[in-house]
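**Q** My file is input-v8.json. It has JSON, C-alpha atoms:
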[["chain", "number", "residue", "atom", "x", "y", "z"],
["A", 46, "LEU", "CA", 52.26, -1.32, -88.88],
["A", 47, "ALA", "CA", 51.29, 1.88, -87.05],
["A", 48, "SER", "CA", 49.28, 0.02, -84.41],
["A", 49, "THR", "CA", 52.12, -2.49, -83.96],
["A", 50, "ILE", "CA", 54.60, 0.37, -83.51],
["A", 51, "CYS", "CA", 52.31, 1.95, -80.88],
["A", 52, "GLU", "CA", 52.09, -1.38, -79.04],
["A", 53, "ILE", "CA", 55.86, -1.87, -79.13],
["A", 54, "LYS", "CA", 56.39, 1.69, -77.91],
["A", 55, "ASP", "CA", 54.09, 1.02, -74.96],
["A", 56, "ARG", "CA", 56.11, -2.06, -74.02],
["A", 57, "VAL", "CA", 59.60, -0.57, -74.32],
["A", 58, "ARG", "CA", 59.09, 3.02, -73.22],
["A", 59, "TRP", "CA", 60.87, 3.96, -70.06],
["A", 60, "ARG", "CA", 60.07, 7.33, -68.52],
["A", 61, "SER", "CA", 58.71, 8.64, -71.79],
["A", 62, "ALA", "CA", 55.16, 9.39, -72.84],
["A", 63, "ALA", "CA", 53.14, 7.05, -75.06],
["A", 64, "TRP", "CA", 52.78, 8.05, -78.69],
["A", 65, "LYS", "CA", 49.49, 9.23, -80.12],
["A", 66, "PRO", "CA", 48.12, 7.14, -83.03],
["A", 67, "GLN", "CA", 48.88, 9.97, -85.49],
["A", 68, "PHE", "CA", 52.54, 9.95, -84.45],
["A", 69, "CYS", "CA", 52.69, 6.15, -84.78],
["A", 70, "GLN", "CA", 51.28, 6.57, -88.28],
["A", 71, "LYS", "CA", 54.01, 9.11, -89.11],
["A", 72, "ILE", "CA", 56.72, 6.74, -87.80],
["A", 73, "ALA", "CA", 55.23, 3.76, -89.68],
["A", 74, "HIS", "CA", 55.17, 5.80, -92.89],
["A", 75, "ALA", "CA", 58.83, 6.82, -92.41],
["A", 76, "VAL", "CA", 59.87, 3.22, -91.66],
["A", 77, "LEU", "CA", 58.08, 1.86, -94.75],
["A", 78, "GLN", "CA", 59.42, 4.58, -97.05],
["A", 79, "SER", "CA", 63.01, 4.15, -95.84],
["A", 80, "SER", "CA", 62.66, 0.38, -95.94],
["A", 81, "GLU", "CA", 61.53, 0.43, -99.55],
["A", 82, "ARG", "CA", 64.04, 3.06, -100.66],
["A", 83, "HIS", "CA", 67.04, 1.24, -99.18],
["A", 84, "GLN", "CA", 65.76, -2.37, -99.36],
["A", 85, "ILE", "CA", 66.14, -2.80, -95.59],
["A", 86, "PRO", "CA", 63.54, -4.94, -93.77],
["A", 87, "PRO", "CA", 61.16, -2.79, -91.68],
["A", 88, "ALA", "CA", 61.67, -5.21, -88.78],
["A", 89, "LEU", "CA", 65.41, -4.46, -88.82],
["A", 90, "ILE", "CA", 64.74, -0.72, -88.72],
["A", 91, "LEU", "CA", 62.38, -1.21, -85.77],
["A", 92, "ALA", "CA", 64.91, -3.45, -83.99],
["A", 93, "VAL", "CA", 67.59, -0.77, -84.32],
["A", 94, "MET", "CA", 65.13, 1.85, -83.03],
["A", 95, "ILE", "CA", 64.36, -0.28, -79.97],
["A", 96, "ASN", "CA", 68.02, -0.97, -79.25],
["A", 97, "GLU", "CA", 69.33, 2.53, -79.90],
["A", 98, "SER", "CA", 66.67, 4.64, -78.19],
["A", 99, "ASP", "CA", 64.01, 2.47, -76.57],
["A", 100, "MET", "CA", 61.84, 4.20, -79.19],
["A", 101, "ASN", "CA", 62.29, 7.59, -77.52],
["A", 102, "GLU", "CA", 62.55, 10.13, -80.33],
["A", 103, "ASN", "CA", 64.03, 12.76, -77.99],
["A", 104, "THR", "CA", 66.82, 10.70, -76.51],
["A", 105, "PHE", "CA", 70.39, 11.86, -77.03],
["A", 106, "ARG", "CA", 73.82, 11.58, -75.48],
["A", 107, "ALA", "CA", 76.59, 14.11, -75.78],
["A", 108, "THR", "CA", 80.27, 13.19, -75.92],
["A", 109, "VAL", "CA", 82.58, 15.80, -74.41],
["A", 110, "ARG", "CA", 86.24, 16.24, -75.31],
["A", 111, "ASN", "CA", 88.49, 18.88, -73.80],
["A", 112, "GLY", "CA", 85.53, 20.48, -72.05],
["A", 113, "ALA", "CA", 83.48, 20.99, -75.23],
["A", 114, "ILE", "CA", 80.74, 18.96, -76.87],
["A", 115, "TYR", "CA", 82.41, 16.87, -79.56],
["A", 116, "ALA", "CA", 79.51, 14.71, -80.74],
["A", 117, "LYS", "CA", 75.86, 13.94, -80.10],
["A", 118, "ASP", "CA", 74.17, 10.58, -80.63],
["A", 119, "GLY", "CA", 70.43, 10.79, -80.78],
["A", 120, "GLY", "CA", 66.99, 10.24, -82.13],
["A", 121, "LEU", "CA", 65.15, 7.00, -82.73],
["A", 122, "MET", "CA", 68.06, 5.47, -84.63],
["A", 123, "GLY", "CA", 70.84, 6.84, -82.40],
["A", 124, "ILE", "CA", 72.52, 8.76, -85.22],
["A", 125, "ARG", "CA", 75.98, 10.16, -84.43],
["A", 126, "CYS", "CA", 76.65, 13.79, -85.29],
["A", 127, "ILE", "CA", 80.12, 15.21, -84.74],
["A", 128, "VAL", "CA", 79.17, 18.85, -84.27],
["A", 129, "ASP", "CA", 80.93, 22.05, -85.21],
["A", 130, "LYS", "CA", 80.47, 25.39, -83.42],
["A", 131, "GLN", "CA", 77.30, 26.15, -85.41],
["A", 132, "GLY", "CA", 75.64, 22.86, -84.43],
["A", 133, "ARG", "CA", 76.14, 21.31, -87.87],
["A", 134, "CYS", "CA", 77.34, 17.75, -88.39],
["A", 135, "THR", "CA", 80.76, 17.17, -89.91],
["A", 136, "ASN", "CA", 80.76, 13.39, -90.31],
["A", 137, "ALA", "CA", 79.94, 11.09, -93.23],
["A", 138, "HIS", "CA", 76.20, 10.45, -93.68],
["A", 139, "VAL", "CA", 75.04, 13.60, -91.89],
["A", 140, "ARG", "CA", 77.68, 16.08, -93.10],
["A", 141, "GLY", "CA", 76.21, 19.57, -93.39],
["A", 142, "MET", "CA", 72.98, 18.77, -91.58],
["A", 143, "HIS", "CA", 71.98, 20.70, -88.47],
["A", 144, "TRP", "CA", 71.57, 18.67, -85.28],
["A", 145, "LYS", "CA", 67.85, 19.55, -85.09],
["A", 146, "GLN", "CA", 67.32, 18.11, -88.57],
["A", 147, "VAL", "CA", 69.07, 14.87, -87.56],
["A", 148, "MET", "CA", 66.76, 14.60, -84.54],
["A", 149, "GLU", "CA", 63.55, 14.96, -86.60],
["A", 150, "PRO", "CA", 62.04, 11.42, -86.44],
["A", 151, "ALA", "CA", 61.41, 10.80, -90.17],
["A", 152, "SER", "CA", 64.82, 12.21, -91.08],
["A", 153, "ASN", "CA", 66.47, 10.14, -88.33],
["A", 154, "ILE", "CA", 64.84, 6.94, -89.60],
["A", 155, "GLU", "CA", 65.90, 7.71, -93.18],
["A", 156, "LEU", "CA", 69.49, 8.33, -92.07],
["A", 157, "GLY", "CA", 69.54, 5.09, -90.09],
["A", 158, "ALA", "CA", 68.25, 3.07, -93.05],
["A", 159, "ARG", "CA", 70.82, 4.74, -95.32],
["A", 160, "ILE", "CA", 73.61, 3.80, -92.91],
["A", 161, "LEU", "CA", 72.38, 0.20, -92.69],
["A", 162, "ALA", "CA", 72.30, -0.01, -96.50],
["A", 163, "HIS", "CA", 75.81, 1.46, -96.67],
["A", 164, "TYR", "CA", 77.20, -1.31, -94.46],
["A", 165, "ARG", "CA", 75.16, -4.01, -96.23],
["A", 166, "ASP", "CA", 76.57, -2.85, -99.57],
["A", 167, "GLY", "CA", 80.24, -3.05, -98.59],
["A", 168, "GLY", "CA", 80.77, 0.04, -96.42],
["A", 169, "GLY", "CA", 82.43, -2.03, -93.71],
["A", 170, "SER", "CA", 86.08, -2.97, -93.87],
["A", 171, "THR", "CA", 88.35, -5.52, -92.29],
["A", 172, "SER", "CA", 92.07, -6.16, -92.19],
["A", 173, "THR", "CA", 93.69, -9.19, -93.69],
["A", 174, "THR", "CA", 97.28, -10.33, -93.74],
["A", 175, "VAL", "CA", 98.86, -10.57, -97.20],
["A", 176, "ARG", "CA", 102.30, -11.53, -98.42],
["A", 177, "THR", "CA", 103.75, -9.49, -101.25],
["A", 178, "ARG", "CA", 107.14, -9.12, -102.84],
["A", 179, "ASN", "CA", 108.99, -5.88, -102.28],
["A", 180, "SER", "CA", 111.13, -4.12, -104.91],
["A", 181, "GLN", "CA", 114.10, -6.39, -104.06],
["A", 182, "GLY", "CA", 111.98, -9.51, -104.60],
["A", 183, "LYS", "CA", 111.75, -10.48, -100.91],
["A", 184, "LEU", "CA", 108.44, -11.62, -99.44],
["A", 185, "GLU", "CA", 106.94, -9.21, -96.91],
["A", 186, "THR", "CA", 103.93, -9.67, -94.67],
["A", 187, "ARG", "CA", 101.65, -6.66, -94.24],
["A", 188, "GLN", "CA", 98.09, -5.76, -93.31],
["A", 189, "LYS", "CA", 95.67, -4.79, -96.06],
["A", 190, "THR", "CA", 92.24, -3.23, -95.60],
["A", 191, "VAL", "CA", 89.55, -4.99, -97.66],
["A", 192, "PRO", "CA", 85.75, -4.76, -97.84],
["A", 193, "CYS", "CA", 84.08, -6.68, -95.02],
["A", 194, "LEU", "CA", 82.28, -9.83, -96.19],
["A", 195, "HIS", "CA", 80.41, -10.18, -92.85],
["A", 196, "LYS", "CA", 81.51, -13.80, -92.42],
["A", 197, "THR", "CA", 81.58, -13.68, -88.61],
["A", 198, "HIS", "CA", 78.78, -11.18, -88.02],
["A", 199, "ALA", "CA", 75.66, -9.64, -89.51],
["A", 200, "TYR", "CA", 76.10, -6.51, -91.63],
["A", 201, "TRP", "CA", 74.08, -4.49, -89.13],
["A", 202, "ALA", "CA", 76.82, -5.03, -86.52],
["A", 203, "HIS", "CA", 78.65, -2.20, -88.23],
["A", 204, "TYR", "CA", 75.81, 0.16, -87.28],
["A", 205, "ASN", "CA", 77.14, 0.10, -83.74],
["A", 206, "HIS", "CA", 80.79, -0.71, -84.39],
["A", 207, "GLY", "CA", 81.51, 1.52, -87.38],
["A", 208, "PRO", "CA", 83.43, 0.49, -90.49],
["A", 209, "ARG", "CA", 85.52, -2.10, -88.64],
["A", 210, "TYR", "CA", 83.69, -4.79, -86.73],
["A", 211, "ILE", "CA", 85.05, -5.30, -83.20],
["A", 212, "ASP", "CA", 84.87, -8.94, -82.14],
["A", 213, "HIS", "CA", 85.66, -8.40, -78.45],
["A", 214, "GLY", "CA", 84.15, -6.37, -75.58],
["A", 215, "SER", "CA", 80.55, -5.72, -74.62],
["A", 216, "ALA", "CA", 79.47, -4.14, -77.92],
["A", 217, "ARG", "CA", 79.99, -7.45, -79.74],
["A", 218, "HIS", "CA", 76.50, -8.55, -78.67],
["A", 219, "TYR", "CA", 74.86, -5.77, -80.71],
["A", 220, "PRO", "CA", 74.03, -7.98, -83.74],
["A", 221, "HIS", "CA", 72.49, -10.62, -81.46],
["A", 222, "ARG", "CA", 70.26, -8.09, -79.68],
["A", 223, "ILE", "CA", 69.13, -6.62, -83.01],
["A", 224, "GLY", "CA", 68.64, -10.06, -84.56]]
Please, can you express the file's structure as structure tokens?

**A**
Amino acid sequence: LASTICEIKDRVRWRSAAWKPQFCQKIAHAVLQSSERHQIPPALILAVMINESDMNENTFRATVRNGAIYAKDGGLMGIRCIVDKQGRCTNAHVRGMHWKQVMEPASNIELGARILAHYRDGGGSTSTTVRTRNSQGKLETRQKTVPCLHKTHAYWAHYNHGPRYIDHGSARHYPHRIG
């Protein structure tokens, strides 16, 4: 796997240095460990790495709101970290972690696999229309949030979209690119 990862890195890298064989070995080990721990195919983890970062472990993008950095997306798996003033993450899977820890390649791969497993195991949600009777006995139509069954998309689509899959706009092609 390490030699395959090095070959893939050489093909997809853009303005980034090639990895040394020892680093490829470290990445392969992290991919296999996370794959086994979360029962996620190693090929899916690699596909997300290619799509999210072009396999550049140092890549990141900052989101600015009101003139201050609100969030950073980065690392091999493109993990989102909504940062506080101390550089710690405040959101779900990375809450309490420092940004530098999120960017560490093995940690980043583990976090990505954990997020994929979360969405595979029902972490996504969707809205459905239900009819219920109110206290006066009249039928009312309302929206109800239910676990996503991934009928119109692959579970890994949530990795890019978040809990609710968005079926319109450019991001909808994410599951096809990963697949």

**Q** Considering all atoms listed in the file, can you say which of A:Lys54, A:Arg82, A:Lys130, A:Lys71 comes closest to Met94 of chain A?

**A**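 Closest to Met94 of chain A of all the choices is A:Lys54.
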
**Q** Could you give me, as a list in words, the residues within 12 Å of Gln67 of chain A, counting only C-alpha atoms and dropping anything in the same chain fewer than 6 positions from it?

**A**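 The filter keeps Ala47, Ser48, Ile50, Cys51, Ala73 and His74 of chain A.
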
**Q** Please identify all polymer residues within 12 Å of segment 98-115 of chain A, counting all atoms listed in the file, omitting same-chain residues fewer than 6 positions from it, and present them as a ChimeraX atom specification.

**A** /A:50-64,68-69,72,90-92,121-136,144-145,147-154

**Q** Would you work out the distance separating atom CA of Gly119 of chain A from atom CA of Ala202 of chain A, expressed in Å to one decimal?

**A**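 Spanning atom CA of Gly119 of chain A to atom CA of Ala202 of chain A is a straight-line distance of 18.0 Å.
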
**Q** Find the smallest box with edges along x, y and z containing every listed atom of segment 185-194 of chain A, then add 4 Å on each side and report centre and edge lengths in Å to one decimal, as lines of an AutoDock Vina configuration file.

**A**
center_x = 94.6
center_y = -6.5
center_z = -95.6
size_x = 32.7
size_y = 14.6
size_z = 12.5

**Q** In Å to one decimal, how far is atom CA of Gly141 of chain A from atom CA of Gln70 of chain A?

**A**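 Result for atom CA of Gln70 of chain A versus atom CA of Gly141 of chain A: 28.6 Å, one decimal.
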
**Q** Find the residues near Pro208 of chain A: any atom within 8 Å, counting all atoms listed in the file, skip ones fewer than 4 places away on the same chain, and give them as a compact mmCIF listing (two decimals) with C-alpha atoms, in the frame of the given file.

**A**
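Dumped to selection.txt:
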# COMPACT_ATOMS: atom_id res chain seq x y z
CA TYR A 164 77.20 -1.31 -94.46
CA GLY A 168 80.77 0.04 -96.42
CA GLY A 169 82.43 -2.03 -93.71
CA SER A 170 86.08 -2.97 -93.87
CA THR A 171 88.35 -5.52 -92.29
CA HIS A 203 78.65 -2.20 -88.23

**Q** What's the separation between atom CA of Tyr204 of chain A and atom CA of Glu81 of chain A, in Å to one decimal place?

**A**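 Rounded to one decimal, the two atoms are 18.8 Å apart.
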
**Q** So that I can look at just that part, could you write segment 81-97 of chain A with all heavy atoms, as a PDB file, in the first residue's frame?

**A**
ATOM      1  N   GLU A  81      -9.355  -0.314   9.475  1.00  0.00           N
ATOM      2  CA  GLU A  81      -9.736  -1.461  10.292  1.00  0.00           C
ATOM      3  C   GLU A  81     -10.572  -1.042  11.499  1.00  0.00           C
ATOM      4  O   GLU A  81     -11.591  -1.658  11.796  1.00  0.00           O
ATOM      5  CB  GLU A  81      -8.473  -2.187  10.760  1.00  0.00           C
ATOM      6  CG  GLU A  81      -8.779  -3.492  11.476  1.00  0.00           C
ATOM      7  CD  GLU A  81      -7.508  -4.246  11.829  1.00  0.00           C
ATOM      8  OE1 GLU A  81      -6.565  -4.250  11.013  1.00  0.00           O
ATOM      9  OE2 GLU A  81      -7.484  -4.830  12.917  1.00  0.00           O
ATOM     10  N   ARG A  82     -10.162   0.019  12.160  1.00  0.00           N
ATOM     11  CA  ARG A  82     -10.856   0.477  13.364  1.00  0.00           C
ATOM     12  C   ARG A  82     -12.300   0.870  13.061  1.00  0.00           C
ATOM     13  O   ARG A  82     -13.207   0.596  13.841  1.00  0.00           O
ATOM     14  CB  ARG A  82     -10.115   1.656  13.988  1.00  0.00           C
ATOM     15  CG  ARG A  82     -10.722   2.134  15.298  1.00  0.00           C
ATOM     16  CD  ARG A  82      -9.939   3.265  15.949  1.00  0.00           C
ATOM     17  NE  ARG A  82      -8.590   2.822  16.289  1.00  0.00           N
ATOM     18  CZ  ARG A  82      -7.471   3.338  15.780  1.00  0.00           C
ATOM     19  NH1 ARG A  82      -7.521   4.310  14.901  1.00  0.00           N
ATOM     20  NH2 ARG A  82      -6.297   2.894  16.134  1.00  0.00           N
ATOM     21  N   HIS A  83     -12.525   1.535  11.932  1.00  0.00           N
ATOM     22  CA  HIS A  83     -13.857   2.061  11.621  1.00  0.00           C
ATOM     23  C   HIS A  83     -14.582   1.282  10.527  1.00  0.00           C
ATOM     24  O   HIS A  83     -15.679   1.672  10.115  1.00  0.00           O
ATOM     25  CB  HIS A  83     -13.742   3.534  11.230  1.00  0.00           C
ATOM     26  CG  HIS A  83     -13.183   4.381  12.319  1.00  0.00           C
ATOM     27  ND1 HIS A  83     -13.886   4.703  13.465  1.00  0.00           N
ATOM     28  CD2 HIS A  83     -11.963   4.932  12.473  1.00  0.00           C
ATOM     29  CE1 HIS A  83     -13.128   5.438  14.251  1.00  0.00           C
ATOM     30  NE2 HIS A  83     -11.949   5.594  13.678  1.00  0.00           N
ATOM     31  N   GLN A  84     -13.960   0.193  10.035  1.00  0.00           N
ATOM     32  CA  GLN A  84     -14.564  -0.624   8.984  1.00  0.00           C
ATOM     33  C   GLN A  84     -14.924   0.220   7.753  1.00  0.00           C
ATOM     34  O   GLN A  84     -16.019   0.121   7.205  1.00  0.00           O
ATOM     35  CB  GLN A  84     -15.802  -1.366   9.521  1.00  0.00           C
ATOM     36  CG  GLN A  84     -15.495  -2.334  10.652  1.00  0.00           C
ATOM     37  CD  GLN A  84     -14.500  -3.413  10.223  1.00  0.00           C
ATOM     38  OE1 GLN A  84     -14.773  -4.145   9.294  1.00  0.00           O
ATOM     39  NE2 GLN A  84     -13.364  -3.491  10.880  1.00  0.00           N
ATOM     40  N   ILE A  85     -13.972   1.050   7.351  1.00  0.00           N
ATOM     41  CA  ILE A  85     -14.092   1.879   6.150  1.00  0.00           C
ATOM     42  C   ILE A  85     -13.070   1.351   5.137  1.00  0.00           C
ATOM     43  O   ILE A  85     -11.912   1.159   5.495  1.00  0.00           O
ATOM     44  CB  ILE A  85     -13.784   3.366   6.470  1.00  0.00           C
ATOM     45  CG1 ILE A  85     -14.774   3.932   7.501  1.00  0.00           C
ATOM     46  CG2 ILE A  85     -13.763   4.221   5.208  1.00  0.00           C
ATOM     47  CD1 ILE A  85     -16.182   4.097   7.002  1.00  0.00           C
ATOM     48  N   PRO A  86     -13.442   1.124   3.889  1.00  0.00           N
ATOM     49  CA  PRO A  86     -12.467   0.630   2.915  1.00  0.00           C
ATOM     50  C   PRO A  86     -11.283   1.594   2.752  1.00  0.00           C
ATOM     51  O   PRO A  86     -11.492   2.807   2.646  1.00  0.00           O
ATOM     52  CB  PRO A  86     -13.268   0.547   1.611  1.00  0.00           C
ATOM     53  CG  PRO A  86     -14.689   0.517   2.027  1.00  0.00           C
ATOM     54  CD  PRO A  86     -14.783   1.286   3.312  1.00  0.00           C
ATOM     55  N   PRO A  87     -10.052   1.072   2.732  1.00  0.00           N
ATOM     56  CA  PRO A  87      -8.890   1.945   2.548  1.00  0.00           C
ATOM     57  C   PRO A  87      -8.983   2.753   1.249  1.00  0.00           C
ATOM     58  O   PRO A  87      -8.546   3.899   1.204  1.00  0.00           O
ATOM     59  CB  PRO A  87      -7.702   0.990   2.500  1.00  0.00           C
ATOM     60  CG  PRO A  87      -8.182  -0.303   3.025  1.00  0.00           C
ATOM     61  CD  PRO A  87      -9.661  -0.327   2.887  1.00  0.00           C
ATOM     62  N   ALA A  88      -9.566   2.172   0.211  1.00  0.00           N
ATOM     63  CA  ALA A  88      -9.705   2.885  -1.062  1.00  0.00           C
ATOM     64  C   ALA A  88     -10.597   4.116  -0.904  1.00  0.00           C
ATOM     65  O   ALA A  88     -10.354   5.147  -1.539  1.00  0.00           O
ATOM     66  CB  ALA A  88     -10.267   1.963  -2.132  1.00  0.00           C
ATOM     67  N   LEU A  89     -11.622   4.038  -0.060  1.00  0.00           N
ATOM     68  CA  LEU A  89     -12.489   5.189   0.181  1.00  0.00           C
ATOM     69  C   LEU A  89     -11.714   6.283   0.914  1.00  0.00           C
ATOM     70  O   LEU A  89     -11.828   7.465   0.578  1.00  0.00           O
ATOM     71  CB  LEU A  89     -13.733   4.782   0.970  1.00  0.00           C
ATOM     72  CG  LEU A  89     -14.705   5.910   1.341  1.00  0.00           C
ATOM     73  CD1 LEU A  89     -15.180   6.654   0.095  1.00  0.00           C
ATOM     74  CD2 LEU A  89     -15.886   5.353   2.124  1.00  0.00           C
ATOM     75  N   ILE A  90     -10.921   5.901   1.887  1.00  0.00           N
ATOM     76  CA  ILE A  90     -10.102   6.886   2.612  1.00  0.00           C
ATOM     77  C   ILE A  90      -9.146   7.576   1.645  1.00  0.00           C
ATOM     78  O   ILE A  90      -9.013   8.809   1.652  1.00  0.00           O
ATOM     79  CB  ILE A  90      -9.354   6.223   3.785  1.00  0.00           C
ATOM     80  CG1 ILE A  90     -10.367   5.724   4.841  1.00  0.00           C
ATOM     81  CG2 ILE A  90      -8.349   7.187   4.413  1.00  0.00           C
ATOM     82  CD1 ILE A  90      -9.758   4.884   5.939  1.00  0.00           C
ATOM     83  N   LEU A  91      -8.495   6.805   0.785  1.00  0.00           N
ATOM     84  CA  LEU A  91      -7.584   7.392  -0.208  1.00  0.00           C
ATOM     85  C   LEU A  91      -8.334   8.298  -1.184  1.00  0.00           C
ATOM     86  O   LEU A  91      -7.835   9.368  -1.559  1.00  0.00           O
ATOM     87  CB  LEU A  91      -6.838   6.305  -0.970  1.00  0.00           C
ATOM     88  CG  LEU A  91      -5.728   5.610  -0.207  1.00  0.00           C
ATOM     89  CD1 LEU A  91      -5.199   4.419  -0.998  1.00  0.00           C
ATOM     90  CD2 LEU A  91      -4.605   6.576   0.113  1.00  0.00           C
ATOM     91  N   ALA A  92      -9.512   7.891  -1.611  1.00  0.00           N
ATOM     92  CA  ALA A  92     -10.302   8.712  -2.536  1.00  0.00           C
ATOM     93  C   ALA A  92     -10.661  10.049  -1.906  1.00  0.00           C
ATOM     94  O   ALA A  92     -10.584  11.094  -2.562  1.00  0.00           O
ATOM     95  CB  ALA A  92     -11.560   7.960  -2.962  1.00  0.00           C
ATOM     96  N   VAL A  93     -11.024  10.036  -0.638  1.00  0.00           N
ATOM     97  CA  VAL A  93     -11.340  11.291   0.058  1.00  0.00           C
ATOM     98  C   VAL A  93     -10.082  12.151   0.163  1.00  0.00           C
ATOM     99  O   VAL A  93     -10.122  13.367  -0.049  1.00  0.00           O
ATOM    100  CB  VAL A  93     -11.971  11.019   1.439  1.00  0.00           C
ATOM    101  CG1 VAL A  93     -12.084  12.301   2.252  1.00  0.00           C
ATOM    102  CG2 VAL A  93     -13.346  10.384   1.279  1.00  0.00           C
ATOM    103  N   MET A  94      -8.942  11.528   0.467  1.00  0.00           N
ATOM    104  CA  MET A  94      -7.679  12.278   0.551  1.00  0.00           C
ATOM    105  C   MET A  94      -7.360  12.959  -0.780  1.00  0.00           C
ATOM    106  O   MET A  94      -6.955  14.124  -0.809  1.00  0.00           O
ATOM    107  CB  MET A  94      -6.527  11.348   0.939  1.00  0.00           C
ATOM    108  CG  MET A  94      -6.539  10.916   2.374  1.00  0.00           C
ATOM    109  SD  MET A  94      -5.388   9.571   2.793  1.00  0.00           S
ATOM    110  CE  MET A  94      -3.876  10.063   2.055  1.00  0.00           C
ATOM    111  N   ILE A  95      -7.536  12.246  -1.876  1.00  0.00           N
ATOM    112  CA  ILE A  95      -7.252  12.808  -3.195  1.00  0.00           C
ATOM    113  C   ILE A  95      -8.189  13.978  -3.482  1.00  0.00           C
ATOM    114  O   ILE A  95      -7.769  15.045  -3.916  1.00  0.00           O
ATOM    115  CB  ILE A  95      -7.377  11.727  -4.294  1.00  0.00           C
ATOM    116  CG1 ILE A  95      -6.256  10.699  -4.145  1.00  0.00           C
ATOM    117  CG2 ILE A  95      -7.363  12.350  -5.682  1.00  0.00           C
ATOM    118  CD1 ILE A  95      -6.478   9.424  -4.948  1.00  0.00           C
ATOM    119  N   ASN A  96      -9.472  13.793  -3.203  1.00  0.00           N
ATOM    120  CA  ASN A  96     -10.453  14.828  -3.504  1.00  0.00           C
ATOM    121  C   ASN A  96     -10.306  16.044  -2.599  1.00  0.00           C
ATOM    122  O   ASN A  96     -10.416  17.172  -3.049  1.00  0.00           O
ATOM    123  CB  ASN A  96     -11.867  14.262  -3.399  1.00  0.00           C
ATOM    124  CG  ASN A  96     -12.866  15.189  -4.038  1.00  0.00           C
ATOM    125  OD1 ASN A  96     -12.906  15.309  -5.256  1.00  0.00           O
ATOM    126  ND2 ASN A  96     -13.646  15.868  -3.228  1.00  0.00           N
ATOM    127  N   GLU A  97     -10.076  15.817  -1.329  1.00  0.00           N
ATOM    128  CA  GLU A  97     -10.038  16.917  -0.363  1.00  0.00           C
ATOM    129  C   GLU A  97      -8.750  17.730  -0.425  1.00  0.00           C
ATOM    130  O   GLU A  97      -8.776  18.932  -0.187  1.00  0.00           O
ATOM    131  CB  GLU A  97     -10.239  16.394   1.065  1.00  0.00           C
ATOM    132  CG  GLU A  97     -11.617  15.859   1.333  1.00  0.00           C
ATOM    133  CD  GLU A  97     -12.697  16.929   1.322  1.00  0.00           C
ATOM    134  OE1 GLU A  97     -12.416  18.087   1.682  1.00  0.00           O
ATOM    135  OE2 GLU A  97     -13.831  16.606   0.941  1.00  0.00           O
TER     136      GLU A  97
END
